[in-house]
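Reproduced below: input_35.cif, with mmCIF, C-alpha atoms.
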data_run
loop_
_atom_site.label_atom_id
_atom_site.label_comp_id
_atom_site.auth_asym_id
_atom_site.auth_seq_id
_atom_site.Cartn_x
_atom_site.Cartn_y
_atom_site.Cartn_z
CA MET A 16 12.22 -64.69 56.68
CA SER A 17 8.49 -64.28 56.71
CA VAL A 18 6.14 -63.17 54.01
CA SER A 19 4.11 -60.00 54.38
CA THR A 20 0.74 -59.37 52.89
CA CYS A 21 1.43 -55.76 52.09
CA PRO A 22 0.02 -54.73 48.75
CA SER A 23 2.97 -52.60 47.70
CA GLU A 24 3.71 -53.01 44.04
CA PRO A 25 6.70 -54.32 42.21
CA LEU A 26 9.37 -51.92 41.13
CA ALA A 27 10.54 -54.56 38.75
CA GLU A 28 9.78 -52.36 35.77
CA ALA A 29 12.09 -49.66 37.10
CA ALA A 30 15.17 -51.33 35.67
CA GLY A 31 16.25 -48.53 33.36
CA ALA A 32 15.93 -45.76 35.91
CA ASN A 33 18.01 -47.32 38.66
CA GLY A 34 20.35 -49.45 36.59
CA LEU A 35 19.25 -52.74 38.13
CA ASP A 36 18.95 -55.71 35.82
CA ALA A 37 16.87 -58.83 36.41
CA ILE A 38 19.68 -60.57 38.32
CA ASP A 39 20.20 -57.56 40.58
CA ARG A 40 16.50 -57.48 41.32
CA ALA A 41 16.50 -61.19 42.15
CA ILE A 42 19.34 -60.54 44.60
CA VAL A 43 17.44 -57.63 46.15
CA LEU A 44 14.40 -59.85 46.59
CA ALA A 45 16.47 -62.59 48.15
CA THR A 46 18.31 -60.32 50.61
CA GLN A 47 16.01 -57.45 51.54
CA ALA A 48 14.63 -59.23 54.58
CA GLY A 49 18.16 -60.15 55.65
CA LEU A 50 21.02 -62.46 54.71
CA PRO A 51 20.86 -66.14 55.55
CA LEU A 52 22.88 -66.55 58.74
CA VAL A 53 25.16 -69.32 57.53
CA PRO A 54 28.95 -69.35 57.10
CA ASP A 55 28.79 -68.46 53.40
CA PRO A 56 25.63 -66.35 53.01
CA TRP A 57 26.56 -65.24 49.49
CA SER A 58 26.51 -68.76 48.07
CA ALA A 59 23.32 -69.46 50.00
CA VAL A 60 21.71 -66.47 48.26
CA GLY A 61 23.21 -67.32 44.89
CA GLY A 62 22.43 -71.04 44.83
CA PRO A 63 18.72 -70.83 44.01
CA LEU A 64 19.45 -68.07 41.48
CA GLY A 65 22.13 -70.04 39.67
CA LEU A 66 24.86 -67.61 40.78
CA THR A 67 28.10 -68.16 42.62
CA GLY A 68 28.68 -66.48 45.95
CA GLU A 69 31.35 -64.43 44.26
CA GLU A 70 28.86 -63.03 41.73
CA VAL A 71 26.36 -62.17 44.46
CA ARG A 72 29.00 -60.32 46.42
CA ALA A 73 30.21 -58.41 43.36
CA ARG A 74 26.69 -57.31 42.49
CA LEU A 75 25.91 -56.23 46.04
CA GLN A 76 29.10 -54.20 46.04
CA ARG A 77 28.15 -52.59 42.76
CA MET A 78 24.68 -51.69 44.04
CA GLN A 79 26.31 -50.17 47.10
CA GLN A 80 28.65 -48.10 44.96
CA SER A 81 25.75 -46.83 42.86
CA GLY A 82 23.81 -45.90 46.01
CA VAL A 83 20.93 -48.36 45.58
CA ILE A 84 22.24 -50.01 48.75
CA ARG A 85 23.05 -47.62 51.59
CA ARG A 86 24.86 -50.12 53.72
CA ILE A 87 25.16 -53.83 54.38
CA ALA A 88 25.14 -54.19 58.13
CA ALA A 89 23.73 -55.56 61.36
CA VAL A 90 20.90 -53.04 61.55
CA PRO A 91 19.79 -52.25 65.11
CA ASN A 92 16.16 -51.73 65.99
CA HIS A 93 16.52 -48.59 68.07
CA TYR A 94 13.15 -49.02 69.66
CA ARG A 95 14.23 -52.34 71.19
CA LEU A 96 17.44 -50.73 72.42
CA GLY A 97 15.43 -48.28 74.50
CA TYR A 98 14.92 -45.40 72.10
CA VAL A 99 11.20 -45.53 72.62
CA ALA A 100 10.40 -41.90 71.82
CA ASN A 101 10.68 -40.64 68.30
CA GLY A 102 9.66 -37.26 67.06
CA MET A 103 9.47 -36.04 63.51
CA THR A 104 10.47 -32.42 63.93
CA VAL A 105 9.65 -29.97 61.16
CA TRP A 106 11.22 -26.52 60.81
CA ASP A 107 10.54 -23.42 58.77
CA VAL A 108 14.08 -22.38 57.89
CA ASP A 109 15.21 -19.46 55.76
CA ASP A 110 15.97 -20.87 52.29
CA ALA A 111 19.15 -18.80 52.13
CA HIS A 112 20.67 -20.75 55.03
CA ILE A 113 19.06 -24.17 54.86
CA GLU A 114 21.93 -25.95 53.09
CA ARG A 115 24.50 -24.98 55.70
CA LEU A 116 22.16 -25.40 58.67
CA GLY A 117 20.83 -28.73 57.41
CA ARG A 118 24.34 -30.15 57.42
CA GLU A 119 25.12 -28.69 60.85
CA VAL A 120 21.95 -29.98 62.43
CA ALA A 121 22.58 -33.45 61.01
CA GLY A 122 25.44 -33.90 63.48
CA ILE A 123 23.36 -33.34 66.61
CA PRO A 124 23.02 -36.48 68.78
CA GLY A 125 19.71 -38.26 68.36
CA VAL A 126 19.25 -37.20 64.73
CA SER A 127 18.71 -40.14 62.40
CA HIS A 128 17.43 -38.40 59.28
CA CYS A 129 17.65 -34.80 58.15
CA TYR A 130 15.97 -33.87 54.87
CA ARG A 131 14.90 -30.77 53.00
CA ARG A 132 11.36 -30.98 51.60
CA PRO A 133 9.17 -28.43 49.81
CA ARG A 134 6.84 -26.02 51.60
CA HIS A 135 3.16 -25.93 50.67
CA LEU A 136 1.91 -22.52 51.72
CA PRO A 137 -0.19 -21.62 53.51
CA GLU A 138 -0.97 -24.92 55.18
CA TRP A 139 2.55 -26.33 55.34
CA PRO A 140 5.41 -23.83 55.92
CA TYR A 141 8.05 -26.35 57.06
CA ASN A 142 10.98 -27.14 54.77
CA LEU A 143 13.42 -29.01 57.05
CA PHE A 144 12.54 -32.44 58.47
CA VAL A 145 14.67 -33.82 61.29
CA MET A 146 13.92 -37.20 62.82
CA LEU A 147 14.85 -37.39 66.51
CA HIS A 148 15.17 -40.47 68.70
CA GLY A 149 15.39 -40.53 72.48
CA LYS A 150 14.66 -42.55 75.56
CA SER A 151 11.75 -40.33 76.48
CA GLN A 152 9.63 -37.53 75.15
CA ALA A 153 11.55 -35.19 77.48
CA GLU A 154 14.82 -36.17 75.87
CA VAL A 155 13.42 -35.61 72.39
CA GLU A 156 12.30 -32.18 73.54
CA ARG A 157 15.80 -31.38 74.79
CA GLN A 158 17.22 -32.47 71.44
CA ALA A 159 14.69 -30.25 69.68
CA GLU A 160 15.74 -27.36 71.89
CA ALA A 161 19.38 -27.93 70.89
CA LEU A 162 18.26 -27.81 67.27
CA ARG A 163 16.32 -24.64 67.88
CA GLU A 164 19.46 -22.98 69.22
CA LYS A 165 21.57 -24.20 66.34
CA LEU A 166 19.09 -22.89 63.78
CA GLY A 167 18.83 -19.52 65.54
CA GLU A 168 17.32 -16.58 63.72
CA ALA A 169 17.04 -18.50 60.46
CA CYS A 170 14.21 -20.56 61.93
CA ARG A 171 10.77 -18.96 62.05
CA ASP A 172 8.72 -21.80 63.50
CA HIS A 173 8.82 -25.51 64.28
CA ARG A 174 6.71 -28.43 65.45
CA ILE A 175 7.38 -31.85 66.94
CA LEU A 176 5.06 -34.47 65.50
CA TYR A 177 5.12 -37.51 67.74
CA SER A 178 3.88 -40.73 66.25
CA SER A 179 0.97 -41.94 68.33
CA ARG A 180 0.48 -45.14 66.38
CA ILE A 181 2.22 -47.13 63.68
CA LEU A 182 -0.53 -48.04 61.25
CA LYS A 183 1.72 -49.79 58.81
CA LYS A 184 5.42 -50.45 58.54
CA THR A 185 6.86 -52.70 55.92
CA GLY A 186 10.02 -50.87 54.97
CA LEU A 187 10.50 -52.91 51.83
CA ARG A 188 9.59 -52.13 48.32
CA LEU A 189 10.93 -54.40 45.65
CA ALA A 190 8.18 -56.95 45.32
CA ARG A 191 7.99 -60.33 43.78
CA ARG A 192 4.69 -61.23 42.26
CA PRO A 193 2.13 -61.85 43.60
CA GLY A 194 3.18 -60.56 47.04
CA PRO A 195 6.34 -58.92 48.33
CA PRO A 196 8.74 -60.74 50.62
CA ARG A 197 9.63 -59.42 53.99
CA MET B 29 15.79 -52.78 76.89
CA ALA B 30 16.61 -56.35 75.97
CA ALA B 31 19.36 -57.97 78.06
CA LEU B 32 22.56 -57.81 76.04
CA ASP B 33 25.96 -58.98 77.14
CA SER B 34 29.33 -57.54 76.21
CA LEU B 35 29.69 -59.65 73.06
CA ASP B 36 26.25 -58.58 71.82
CA ARG B 37 27.13 -54.94 72.37
CA ARG B 38 30.53 -55.14 70.76
CA LEU B 39 28.99 -56.93 67.83
CA ILE B 40 26.40 -54.19 67.31
CA ASP B 41 28.93 -51.41 67.85
CA ALA B 42 31.36 -52.86 65.35
CA PHE B 43 28.98 -53.94 62.62
CA GLN B 44 25.93 -51.67 62.62
CA ARG B 45 27.47 -49.62 59.82
CA GLU B 46 29.12 -52.28 57.76
CA LEU B 47 29.65 -56.03 57.52
CA PRO B 48 32.89 -57.33 56.06
CA LEU B 49 32.00 -58.28 52.47
CA CYS B 50 34.46 -61.14 52.33
CA GLU B 51 33.86 -64.78 51.55
CA ARG B 52 33.15 -65.75 55.16
CA PRO B 53 31.83 -62.52 56.73
CA PHE B 54 30.84 -64.07 60.06
CA ALA B 55 34.24 -65.68 60.43
CA ALA B 56 35.86 -62.29 59.79
CA MET B 57 33.56 -60.70 62.37
CA ALA B 58 34.39 -63.48 64.84
CA GLU B 59 38.07 -62.83 64.40
CA ARG B 60 37.64 -59.16 65.23
CA LEU B 61 35.49 -59.94 68.24
CA GLY B 62 37.67 -62.74 69.58
CA ALA B 63 34.84 -65.24 69.20
CA SER B 64 34.10 -68.20 66.94
CA GLU B 65 32.17 -68.07 63.68
CA ALA B 66 29.49 -70.33 65.16
CA GLN B 67 29.16 -67.98 68.14
CA VAL B 68 28.72 -64.93 65.92
CA ILE B 69 26.07 -66.69 63.85
CA GLU B 70 24.25 -67.83 66.98
CA ARG B 71 24.31 -64.26 68.38
CA LEU B 72 23.05 -62.74 65.16
CA GLN B 73 20.22 -65.27 65.03
CA ARG B 74 19.23 -64.52 68.60
CA LEU B 75 19.47 -60.74 68.25
CA GLN B 76 17.40 -60.90 65.10
CA HIS B 77 14.86 -63.21 66.73
CA ASP B 78 14.58 -60.83 69.70
CA GLN B 79 14.21 -57.92 67.25
CA VAL B 80 17.24 -56.16 68.68
CA LEU B 81 18.50 -56.28 65.11
CA SER B 82 15.87 -55.52 62.53
CA ARG B 83 17.93 -57.43 59.99
CA VAL B 84 21.45 -58.46 59.03
CA GLY B 85 21.94 -57.46 55.42
CA PRO B 86 21.52 -54.71 52.87
CA VAL B 87 19.57 -51.50 53.48
CA PHE B 88 18.12 -50.31 50.20
CA ASP B 89 17.60 -46.68 49.27
CA HIS B 90 13.90 -46.39 48.37
CA ALA B 91 14.40 -43.32 46.28
CA ARG B 92 17.03 -44.95 44.10
CA ALA B 93 15.27 -48.27 43.76
CA GLY B 94 12.30 -46.43 42.22
CA ALA B 95 10.28 -43.35 43.10
CA SER B 96 8.89 -42.47 46.51
CA LEU B 97 7.78 -39.55 48.62
CA LEU B 98 6.54 -38.68 52.07
CA ALA B 99 2.87 -37.76 52.04
CA ALA B 100 0.38 -36.50 54.59
CA VAL B 101 -3.37 -36.09 54.88
CA ALA B 102 -5.36 -33.99 57.35
CA VAL B 103 -8.39 -36.01 58.38
CA PRO B 104 -11.01 -35.36 61.08
CA GLU B 105 -10.96 -37.78 64.01
CA ALA B 106 -14.25 -39.42 63.02
CA GLU B 107 -12.96 -40.23 59.53
CA ARG B 108 -9.51 -41.27 60.57
CA ASP B 109 -9.79 -45.04 60.75
CA ARG B 110 -11.61 -45.32 57.44
CA VAL B 111 -9.03 -43.15 55.68
CA ALA B 112 -6.08 -44.91 57.35
CA ALA B 113 -7.41 -48.28 56.21
CA ALA B 114 -7.86 -47.01 52.65
CA ILE B 115 -4.28 -45.67 52.65
CA ASN B 116 -2.93 -49.00 53.92
CA ARG B 117 -4.75 -50.88 51.15
CA SER B 118 -3.47 -48.56 48.48
CA PRO B 119 -0.76 -50.03 46.22
CA GLY B 120 2.71 -48.63 46.91
CA VAL B 121 2.16 -47.49 50.51
CA ASN B 122 4.81 -48.88 52.81
CA HIS B 123 4.69 -46.83 56.01
CA ASN B 124 1.75 -45.18 57.66
CA TYR B 125 1.96 -43.34 60.96
CA LEU B 126 -0.63 -41.54 62.98
CA ARG B 127 0.89 -38.27 64.19
CA GLU B 128 -0.24 -35.51 66.48
CA HIS B 129 -0.97 -32.66 64.10
CA ASP B 130 -3.76 -31.43 61.81
CA PHE B 131 -1.93 -33.42 59.18
CA ASN B 132 -2.40 -36.60 61.16
CA LEU B 133 -1.81 -39.45 58.71
CA TRP B 134 1.74 -39.70 57.36
CA PHE B 135 2.77 -42.32 54.87
CA VAL B 136 5.37 -43.14 52.25
CA MET B 137 4.13 -43.74 48.72
CA THR B 138 6.37 -45.70 46.38
CA ALA B 139 6.19 -46.56 42.69
CA ALA B 140 8.34 -47.74 39.83
CA ASP B 141 8.80 -44.20 38.51
CA GLU B 142 7.63 -40.61 38.96
CA GLN B 143 4.75 -40.98 36.56
CA GLN B 144 3.31 -43.99 38.34
CA LEU B 145 3.90 -42.26 41.67
CA GLU B 146 1.81 -39.27 40.69
CA ALA B 147 -0.89 -41.51 39.22
CA ARG B 148 -1.10 -43.41 42.48
CA LEU B 149 -1.35 -40.24 44.53
CA GLU B 150 -4.10 -38.89 42.31
CA ALA B 151 -6.02 -42.16 42.50
CA LEU B 152 -5.66 -42.15 46.26
CA GLU B 153 -6.89 -38.55 46.57
CA GLU B 154 -9.92 -39.46 44.55
CA GLU B 155 -10.67 -42.48 46.70
CA LEU B 156 -10.11 -40.68 50.01
CA GLY B 157 -11.82 -37.43 49.13
CA TYR B 158 -8.90 -35.56 50.74
CA ALA B 159 -5.95 -33.72 49.25
CA VAL B 160 -2.58 -35.39 49.79
CA LEU B 161 0.33 -33.18 50.84
CA ARG B 162 3.35 -34.16 48.72
CA LEU B 163 6.71 -33.86 50.43
CA PRO B 164 9.41 -35.34 48.22
CA MET B 165 12.97 -35.22 49.45
CA VAL B 166 14.77 -32.22 47.97
CA ALA B 167 18.10 -32.78 49.71
CA ALA B 168 19.44 -35.26 52.28
CA TYR B 169 21.79 -33.76 54.84
CA HIS B 170 21.94 -36.92 56.88
CA ILE B 171 20.67 -40.43 56.48
CA ASP B 172 20.72 -43.04 59.15
CA LEU B 173 23.95 -44.96 59.00
CA GLY B 174 23.79 -45.94 62.62
CA PHE B 175 25.10 -43.96 65.56
CA PRO B 176 27.19 -44.89 68.59
CA ILE B 177 24.91 -46.51 71.13
CA PRO B 178 25.42 -45.21 74.68
CA TRP B 179 24.91 -48.57 76.39
CA ASP B 180 25.47 -47.34 79.96
CA GLU B 181 23.09 -44.49 79.52
CA LEU B 182 20.40 -46.76 78.13
CA GLU B 183 20.59 -48.98 81.19
CA THR B 184 19.52 -46.26 83.59
CA PRO B 185 15.76 -46.02 83.51
#
Show me this structure written as structure tokens.
Amino acid sequence: MSVSTCPSEPLAEAAGANGLDAIDRAIVLATQAGLPLVPDPWSAVGGPLGLTGEEVRARLQRMQQSGVIRRIAAVPNHYRLGYVANGMTVWDVDDAHIERLGREVAGIPGVSHCYRRPRHLPEWPYNLFVMLHGKSQAEVERQAEALREKLGEACRDHRILYSSRILKKTGLRLARRPGPPR
Amino acid sequence: MAALDSLDRRLIDAFQRELPLCERPFAAMAERLGASEAQVIERLQRLQHDQVLSRVGPVFDHARAGASLLAAVAVPEAERDRVAAAINRSPGVNHNYLREHDFNLWFVMTAADEQQLEARLEALEEELGYAVLRLPMVAAYHIDLGFPIPWDELETP
């Protein structure tokens, strides 16, 4: 586990809103960069916090049930697996159909995220954001074409916004003072 | 693509969505994979070191661990690096991508709560001299919980 120098701020004060207490937050801090890869990772996390492995596990499970944790897994880095092209596709979809279409589109291969976001007219007409991943730009374009067909008449316009550079990626937010762990 | 053998692939396939949350998770994984606990730990260490796995552990939901939104700024080419650097320095920013569009800088702003989030965005707008497009999530139809990896397909260039 390394330490990043990102200036993102602590969410420590957010306890009330998300139901995390000080112990939960300590567990988040200790695990957000990954579990220690030892036979009993829970006790290894708990030791310095004065918790048993059992308590750590129970709290992680509770955070997962409440949705603060999406999953506890071996998380692949798709870029390293060969998914080198990613396109943020944005769609202007009829509000009357977006709920149904959003769920349908989510099942298309290559889609990692599919969110509804607000329009800001006139400069931003797009209300559906679909993140696509492929081996090449051509593959991402084929996936976008499949989306286009699925959305049909309900879609007025769309764009594919390729990322040309990653300027910053930390992916972590709960921070310990003074700097956040990574 | 990194060179991965059958055990690596089976390990990723079986556990990219969920680890067994039992007392000895790596031993439980080993049992399912027909390997030893030490082997599983060694593989996980290597895959993580090679960045094939970004991490082995919990994935937190930003939105639920506080407040956050996707934001974008449209900046002329000549101003881009200055503005990007200012965004990166700004407290609460945890992703920043350059994208091919008039809105060319895309970042995620986070904060402890909605009030602090808005305060941060307003402070940033003032510093940048550009309006920030605010794109909070209204509904999630799909979030990344991993997807089946087509190993054979990925091998062909």
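When only C-alpha atoms are used to measure the gap to Leu81 (chain B), the shortest distance among B:Asp130, B:Asp41, B:Glu150, B:Glu142 belongs to B:Asp41.
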Report task. With only C-alpha atoms counted, which protein, DNA or RNA residues have an atom no more than 12 Å from (25.8, -68.2, 47.8) in the file frame? Please answer as JSON, numbers by chain. Result -> {"A": [42, 45, 46, 50, 51, 52, 53, 54, 55, 56, 57, 58, 59, 60, 61, 62, 63, 64, 65, 66, 67, 68, 69, 70, 71, 72, 73], "B": [51, 52]}
Query - Answer key for the PyMOL selection byres ((chain B and resi 135) around 9), residues as a PyMOL selection string - result: (chain A and resi 183) or (chain B and resi 97-101+115-116+121-126+133-134+136-137)
Query raised in the report: For chain B against chain A, which residues fall within 6 Å using all atoms listed in the file, given as a PyMOL selection string?
Result: chain B and resi 29+43-47+52+80-89+92-93+119-128+140+163-172
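One finds CA of Leu156 (chain B) at 11.6 Å from CA of Asp109 (chain B).
Excluding Ala102 (chain B) itself and any same-chain residue fewer than 5 positions from it, the protein and nucleic acid residues within 9 Å of it, counting all atoms listed in the file, are Arg108, His129, Asp130, Phe131, Asn132, Leu133, Tyr158, Ala159, Val160 and Leu161 of chain B.
The spacing separating CA of Asp172 (chain A) from CA of Ser96 (chain B) amounts to 26.8 Å.
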Requested in this report: One decimal, Å: what's the distance from CA of Val68 (chain B) over to CA of Ala55 (chain B), could you say?
Outcome: 7.8 Å
Query raised in the report: For Ile40 (chain B), which residue out of B:Glu59, B:Gln144, B:Glu65, B:Leu72 is the nearest one, using only C-alpha atoms?
Result: B:Leu72
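Among the candidates B:Ala66, B:Ala112, B:Cys50, B:Leu75, the residue lying nearest to Arg37 (chain B) is B:Leu75 (atoms considered: only C-alpha atoms).
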